[in-house]
>>> print(open('run-v9.cif').read())   # mmCIF, C-alpha atoms and all ligand atoms
data_model
loop_
_atom_site.label_atom_id
_atom_site.label_comp_id
_atom_site.auth_asym_id
_atom_site.auth_seq_id
_atom_site.Cartn_x
_atom_site.Cartn_y
_atom_site.Cartn_z
CA PRO A 188 0.00 0.00 0.00
CA GLU A 189 0.90 3.66 -0.40
CA VAL A 190 2.48 5.28 2.62
CA ALA A 191 -0.53 7.63 2.99
CA ALA A 192 -2.78 4.60 3.36
CA LEU A 193 -0.42 3.13 5.94
CA VAL A 194 -0.55 6.35 7.98
CA ALA A 195 -4.35 6.40 7.71
CA GLY A 196 -4.57 2.77 8.79
CA ALA A 197 -2.23 3.23 11.74
CA SER A 198 -3.96 6.22 13.33
CA ILE A 199 -6.86 6.07 15.74
CA ASP A 200 -9.44 8.84 16.11
CA VAL A 201 -9.94 9.71 19.78
CA PRO A 202 -13.05 11.87 20.28
CA ASP A 203 -13.05 14.56 22.96
CA PHE A 204 -9.28 14.50 23.64
CA PRO A 205 -7.67 16.59 25.06
CA LYS A 206 -10.98 18.40 25.46
CA PRO A 207 -14.61 18.10 24.37
CA GLY A 208 -15.20 18.61 20.64
CA VAL A 209 -11.62 17.82 19.55
CA VAL A 210 -10.94 14.58 17.67
CA PHE A 211 -7.32 13.68 18.46
CA LYS A 212 -5.42 11.56 15.95
CA ASP A 213 -3.42 9.02 17.92
CA LEU A 214 -0.37 7.88 15.94
CA MET A 215 1.09 5.56 18.58
CA PRO A 216 0.01 2.46 16.59
CA LEU A 217 2.12 3.75 13.67
CA PHE A 218 5.24 3.93 15.84
CA ALA A 219 4.50 0.53 17.37
CA ASP A 220 4.29 -1.25 14.00
CA GLY A 221 7.85 -1.84 12.85
CA ALA A 222 6.99 -2.35 9.18
CA VAL A 223 4.81 0.76 9.00
CA PHE A 224 7.30 2.89 10.93
CA ARG A 225 10.08 1.85 8.59
CA ARG A 226 7.97 2.72 5.52
CA VAL A 227 7.19 6.12 7.03
CA VAL A 228 10.84 6.89 7.75
CA ASP A 229 11.92 5.65 4.31
CA ALA A 230 9.27 7.83 2.65
CA ILE A 231 10.56 10.93 4.44
CA VAL A 232 14.15 10.15 3.48
CA ALA A 233 13.17 9.44 -0.14
CA TYR A 234 11.19 12.67 -0.45
CA HIS A 235 14.02 14.94 0.72
CA GLY A 236 16.93 12.77 -0.35
CA ALA A 237 19.57 11.33 1.96
CA GLY A 238 22.44 13.80 2.12
CA SER A 239 20.19 16.84 1.57
CA PHE A 240 20.15 17.75 5.28
CA ASP A 241 22.80 17.85 8.01
CA VAL A 242 20.55 17.62 11.06
CA VAL A 243 16.97 16.67 11.79
CA ALA A 244 15.14 18.84 14.32
CA GLY A 245 12.22 17.12 16.04
CA VAL A 246 9.49 18.78 18.08
CA GLU A 247 8.85 17.35 21.55
CA ALA A 248 7.78 14.69 22.02
CA ARG A 249 6.52 12.57 19.11
CA GLY A 250 8.70 14.56 16.71
CA PHE A 251 11.72 13.17 18.60
CA VAL A 252 10.78 9.64 17.54
CA VAL A 253 10.59 10.56 13.86
CA ALA A 254 13.67 12.79 13.97
CA ALA A 255 15.90 10.17 15.55
CA ALA A 256 14.92 7.50 13.04
CA VAL A 257 15.36 9.77 9.99
CA ALA A 258 18.71 10.97 11.34
CA TYR A 259 20.00 7.48 12.02
CA ALA A 260 18.89 6.28 8.59
CA THR A 261 20.87 9.04 6.88
CA GLY A 262 23.83 9.71 9.17
CA ALA A 263 22.46 13.12 10.15
CA GLY A 264 22.41 14.53 13.67
CA VAL A 265 19.37 15.22 15.84
CA VAL A 266 18.40 18.49 17.53
CA PRO A 267 15.49 18.34 19.97
CA ILE A 268 13.15 21.34 20.02
CA ARG A 269 11.77 21.24 23.52
CA LYS A 270 8.90 22.49 25.60
CA ALA A 271 9.84 25.39 27.87
CA GLY A 272 12.03 24.81 30.90
CA LYS A 273 13.63 21.50 29.94
CA LEU A 274 16.98 22.56 28.48
CA PRO A 275 19.96 22.92 30.84
CA ARG A 276 21.85 25.66 29.00
CA LYS A 277 21.07 29.04 27.45
CA ALA A 278 18.22 28.67 25.01
CA LEU A 279 16.28 30.61 22.40
CA SER A 280 12.54 30.54 22.93
CA ALA A 281 9.50 31.14 20.75
CA SER A 282 5.97 31.44 22.07
CA TYR A 283 2.73 30.90 20.21
CA ALA A 284 -0.94 31.30 21.01
CA LEU A 285 -3.12 28.39 21.97
CA GLU A 286 -6.90 28.63 22.16
CA TYR A 287 -6.45 29.43 25.84
CA GLY A 288 -3.10 30.89 26.82
CA GLU A 289 0.18 30.23 25.09
CA ALA A 290 2.94 27.67 24.73
CA THR A 291 6.69 28.05 24.37
CA LEU A 292 9.30 26.00 22.53
CA GLU A 293 13.03 26.24 23.16
CA VAL A 294 16.29 25.16 21.59
CA HIS A 295 19.86 25.60 22.83
CA GLU A 296 21.29 28.79 21.35
CA ASP A 297 24.28 26.86 19.99
CA ALA A 298 22.27 23.87 18.75
CA PHE A 299 22.72 24.71 15.06
CA VAL A 300 25.97 25.14 13.19
CA ALA A 301 25.72 28.21 10.94
CA GLY A 302 24.61 27.18 7.49
CA HIS A 303 23.70 23.63 8.47
CA ARG A 304 20.73 22.36 6.51
CA VAL A 305 17.98 21.45 8.93
CA LEU A 306 15.04 19.16 8.21
CA VAL A 307 12.26 19.83 10.74
CA VAL A 308 9.83 17.02 11.57
CA ASP A 309 6.76 16.52 13.74
CA ASP A 310 3.99 13.97 13.86
CA VAL A 311 0.95 16.18 13.20
CA LEU A 312 0.39 19.64 11.68
CA ALA A 313 -2.80 21.08 13.15
CA THR A 314 -3.21 24.89 13.45
CA GLY A 315 0.48 25.41 12.61
CA GLY A 316 1.41 27.36 15.73
CA THR A 317 3.86 24.72 16.91
CA ALA A 318 5.50 24.41 13.50
CA ALA A 319 5.79 28.17 13.03
CA ALA A 320 7.57 28.46 16.38
CA ALA A 321 9.87 25.52 15.62
CA LEU A 322 10.85 26.87 12.20
CA GLU A 323 11.45 30.32 13.69
CA LEU A 324 13.79 28.80 16.30
CA VAL A 325 15.85 27.02 13.66
CA GLU A 326 16.21 30.22 11.65
CA ARG A 327 17.05 32.36 14.68
CA GLY A 328 19.54 29.70 15.73
CA GLY A 329 21.41 30.06 12.45
CA GLY A 330 20.24 26.87 10.77
CA GLU A 331 18.88 26.77 7.24
CA VAL A 332 15.45 25.17 7.12
CA CYS A 333 15.59 22.89 4.09
CA GLY A 334 12.31 21.10 4.68
CA PHE A 335 9.41 20.48 7.03
CA THR A 336 7.68 17.11 7.14
CA VAL A 337 4.77 15.80 9.17
CA LEU A 338 3.22 12.36 9.08
CA LEU A 339 -0.29 13.78 9.19
CA GLU A 340 -1.70 17.19 8.24
CA LEU A 341 -5.14 18.25 9.45
CA GLY A 342 -5.93 20.27 6.34
CA PHE A 343 -9.15 21.79 7.68
CA LEU A 344 -7.13 23.74 10.28
CA HIS A 345 -5.13 25.52 7.56
CA GLY A 346 -1.79 25.30 9.37
CA ARG A 347 -0.02 25.21 6.01
CA GLU A 348 -1.18 28.78 5.32
CA LYS A 349 0.33 29.99 8.57
CA LEU A 350 3.71 28.67 7.41
CA SER A 351 3.60 30.22 3.94
CA PRO A 352 5.85 30.83 2.01
CA ARG A 353 7.58 27.83 3.55
CA THR A 354 6.35 24.54 2.17
CA VAL A 355 4.99 21.57 4.07
CA HIS A 356 5.49 17.93 3.16
CA ALA A 357 2.80 15.69 4.67
CA LEU A 358 2.65 11.93 4.18
CA LEU A 359 -1.12 12.16 4.61
CA THR A 360 -3.50 15.12 4.59
CA VAL A 361 -7.03 14.71 5.94
P1 LIG A 401 -0.63 22.93 16.17
O1 LIG A 401 0.34 23.81 16.88
O2 LIG A 401 -0.32 22.76 14.72
O3 LIG A 401 -2.06 23.30 16.42
O4 LIG A 401 -0.52 21.49 16.84
C1 LIG A 401 0.50 20.62 16.45
C2 LIG A 401 1.20 20.05 17.64
O5 LIG A 401 0.27 19.50 18.56
C3 LIG A 401 2.12 18.93 17.20
O6 LIG A 401 3.32 18.99 17.98
C4 LIG A 401 1.34 17.67 17.49
O7 LIG A 401 2.14 16.67 18.07
C5 LIG A 401 0.25 18.10 18.46
N1 LIG A 401 -1.09 17.73 17.97
C6 LIG A 401 -2.14 18.55 17.73
N2 LIG A 401 -3.21 17.86 17.34
C7 LIG A 401 -2.84 16.56 17.33
C8 LIG A 401 -3.52 15.34 17.00
O8 LIG A 401 -4.69 15.26 16.63
N3 LIG A 401 -2.78 14.20 17.10
C9 LIG A 401 -1.48 14.21 17.50
N4 LIG A 401 -0.84 13.03 17.57
N5 LIG A 401 -0.82 15.34 17.82
C10 LIG A 401 -1.49 16.49 17.73
#
>>> encode(input="run-v9.cif", output="structure tokens")
Amino acid sequence: PEVAALVAGASIDVPDFPKPGVVFKDLMPLFADGAVFRRVVDAIVAYHGAGSFDVVAGVEARGFVVAAAVAYATGAGVVPIRKAGKLPRKALSASYALEYGEATLEVHEDAFVAGHRVLVVDDVLATGGTAAAALELVERGGGEVCGFTVLLELGFLHGREKLSPRTVHALLTV
């Protein structure tokens, strides 16, 4: 099957999580299935091309899983983009609005080597706030964003538009 069909088949709709009215897409079954996970990682590598990026930046926490696998498969490094307050050394931070309140992502200020090509990955693109903050951190940190991939894009939330003119690669858009 196509990788999009594999992603669709390995996600579970969870109604009313994390709050009433939201249907959360649970991708844990995708990570747990070795054959599907390998196809997903291979598809990401094939799309961008092994050797086209120096490091893979993953967004906490499910992005870490994808980032580490893509990096290992290609010999690239991994940079974790973390939730606020987790990093031990001086960090850059970027905040973004949530429906109620705001959230902050951080990365060590020396995490990126100037000019390094950075592939940014996460599991799901929803409203795009998380991705916009992550991409901003890479750029402020001196990395060159060379791609952004998610396993699943929730198209009806229009996150892609928030990231324009940057492009989004999604294995599956619903
Ligand atoms: P956004 O900032 O685009 O609204 O939300 C994207 C972030 O929240 C991603 O880091 C993603 O892991 C998480 N997220 C939002 N909605 C979902 C969902 O339905 N399923 C999963 N697995 N993660 C989600």
>>> residues_near_ligand(input="run-v9.cif", ligand="ligand LIG 401 (chain A)", cutoff="7 Å", atoms="all atoms listed in the file", output="PyMOL selection string")
chain A and resi 210-214+246-247+249+309-318+346
>>> write_last_selection(input="run-v9.cif", atoms="C-alpha atoms", output="short mmCIF file (atom, residue, chain, number, x, y, z; two decimals), in the coordinates of the input")
data_model
loop_
_atom_site.label_atom_id
_atom_site.label_comp_id
_atom_site.auth_asym_id
_atom_site.auth_seq_id
_atom_site.Cartn_x
_atom_site.Cartn_y
_atom_site.Cartn_z
CA VAL A 210 -10.94 14.58 17.67
CA PHE A 211 -7.32 13.68 18.46
CA LYS A 212 -5.42 11.56 15.95
CA ASP A 213 -3.42 9.02 17.92
CA LEU A 214 -0.37 7.88 15.94
CA VAL A 246 9.49 18.78 18.08
CA GLU A 247 8.85 17.35 21.55
CA ARG A 249 6.52 12.57 19.11
CA ASP A 309 6.76 16.52 13.74
CA ASP A 310 3.99 13.97 13.86
CA VAL A 311 0.95 16.18 13.20
CA LEU A 312 0.39 19.64 11.68
CA ALA A 313 -2.80 21.08 13.15
CA THR A 314 -3.21 24.89 13.45
CA GLY A 315 0.48 25.41 12.61
CA GLY A 316 1.41 27.36 15.73
CA THR A 317 3.86 24.72 16.91
CA ALA A 318 5.50 24.41 13.50
CA GLY A 346 -1.79 25.30 9.37
#
>>> closest_residue(input="run-v9.cif", among="A:Val257, A:Val332, A:Leu324, A:Ala290", to="Ala233 of chain A", atoms="only C-alpha atoms")
A:Val257
>>> atom_distance(input="run-v9.cif", atom1="atom CA of Gly208 of chain A", atom2="atom CA of Glu286 of chain A")
13.1 Å
>>> axis_aligned_box(input="run-v9.cif", around="segment 322-334 of chain A", padding_each_side="4 Å", output="AutoDock Vina command-line options")
--center_x 16.1 --center_y 26.7 --center_z 10.2 --size_x 18.6 --size_y 19.3 --size_z 20.2
>>> residues_near_point(input="run-v9.cif", point="(19.7, 19.6, 16.8)", cutoff="12 Å", atoms="only C-alpha atoms", output="ChimeraX atom specification")
/A:240-246,251,254-255,258,263-269,293-300,303-308,321,324-325,328-332
>>> atom_distance(input="run-v9.cif", atom1="atom CA of Ala278 of chain A", atom2="atom CA of Thr291 of chain A")
11.6 Å
>>> closest_residue(input="run-v9.cif", among="A:Lys277, A:Ala301, A:Leu339, A:Glu323", to="Gly196 of chain A", atoms="all atoms listed in the file")
A:Leu339
>>> atom_distance(input="run-v9.cif", atom1="atom CA of Leu217 of chain A", atom2="atom CA of Val194 of chain A")
6.8 Å
>>> closest_residue(input="run-v9.cif", among="A:Glu289, A:Glu189, A:Asp200, A:Asp220", to="Ala320 of chain A", atoms="all atoms listed in the file")
A:Glu289
>>> closest_residue(input="run-v9.cif", among="A:Gly250, A:Gly334, A:Ala319, A:Pro202", to="Gly236 of chain A", atoms="all atoms listed in the file")
A:Gly334
>>> build_atoms(input="run-v9.cif", residues="segment 331-342 of chain A", atoms="N, CA and C atoms", output="JSON list (two decimals), keeping the file's coordinate frame")
[["chain", "number", "residue", "atom", "x", "y", "z"],
["A", 331, "GLU", "N", 19.62, 26.51, 8.48],
["A", 331, "GLU", "CA", 18.88, 26.77, 7.24],
["A", 331, "GLU", "C", 17.80, 25.73, 7.10],
["A", 332, "VAL", "N", 16.55, 26.14, 7.25],
["A", 332, "VAL", "CA", 15.45, 25.17, 7.12],
["A", 332, "VAL", "C", 15.40, 24.69, 5.67],
["A", 333, "CYS", "N", 15.62, 23.40, 5.47],
["A", 333, "CYS", "CA", 15.59, 22.89, 4.09],
["A", 333, "CYS", "C", 14.37, 22.03, 3.85],
["A", 334, "GLY", "N", 13.53, 21.85, 4.88],
["A", 334, "GLY", "CA", 12.31, 21.10, 4.68],
["A", 334, "GLY", "C", 11.55, 20.95, 5.98],
["A", 335, "PHE", "N", 10.25, 20.73, 5.85],
["A", 335, "PHE", "CA", 9.41, 20.48, 7.03],
["A", 335, "PHE", "C", 8.45, 19.36, 6.67],
["A", 336, "THR", "N", 8.53, 18.28, 7.41],
["A", 336, "THR", "CA", 7.68, 17.11, 7.14],
["A", 336, "THR", "C", 6.87, 16.72, 8.37],
["A", 337, "VAL", "N", 5.61, 16.41, 8.13],
["A", 337, "VAL", "CA", 4.77, 15.80, 9.17],
["A", 337, "VAL", "C", 4.20, 14.50, 8.61],
["A", 338, "LEU", "N", 3.86, 13.61, 9.51],
["A", 338, "LEU", "CA", 3.22, 12.36, 9.08],
["A", 338, "LEU", "C", 1.79, 12.64, 8.67],
["A", 339, "LEU", "N", 1.14, 13.54, 9.41],
["A", 339, "LEU", "CA", -0.29, 13.78, 9.19],
["A", 339, "LEU", "C", -0.59, 15.27, 9.29],
["A", 340, "GLU", "N", -1.27, 15.79, 8.27],
["A", 340, "GLU", "CA", -1.70, 17.19, 8.24],
["A", 340, "GLU", "C", -3.21, 17.24, 8.38],
["A", 341, "LEU", "N", -3.70, 18.04, 9.32],
["A", 341, "LEU", "CA", -5.14, 18.25, 9.45],
["A", 341, "LEU", "C", -5.48, 19.46, 8.59],
["A", 342, "GLY", "N", -5.80, 19.21, 7.33],
["A", 342, "GLY", "CA", -5.93, 20.27, 6.34],
["A", 342, "GLY", "C", -6.98, 21.31, 6.69]]
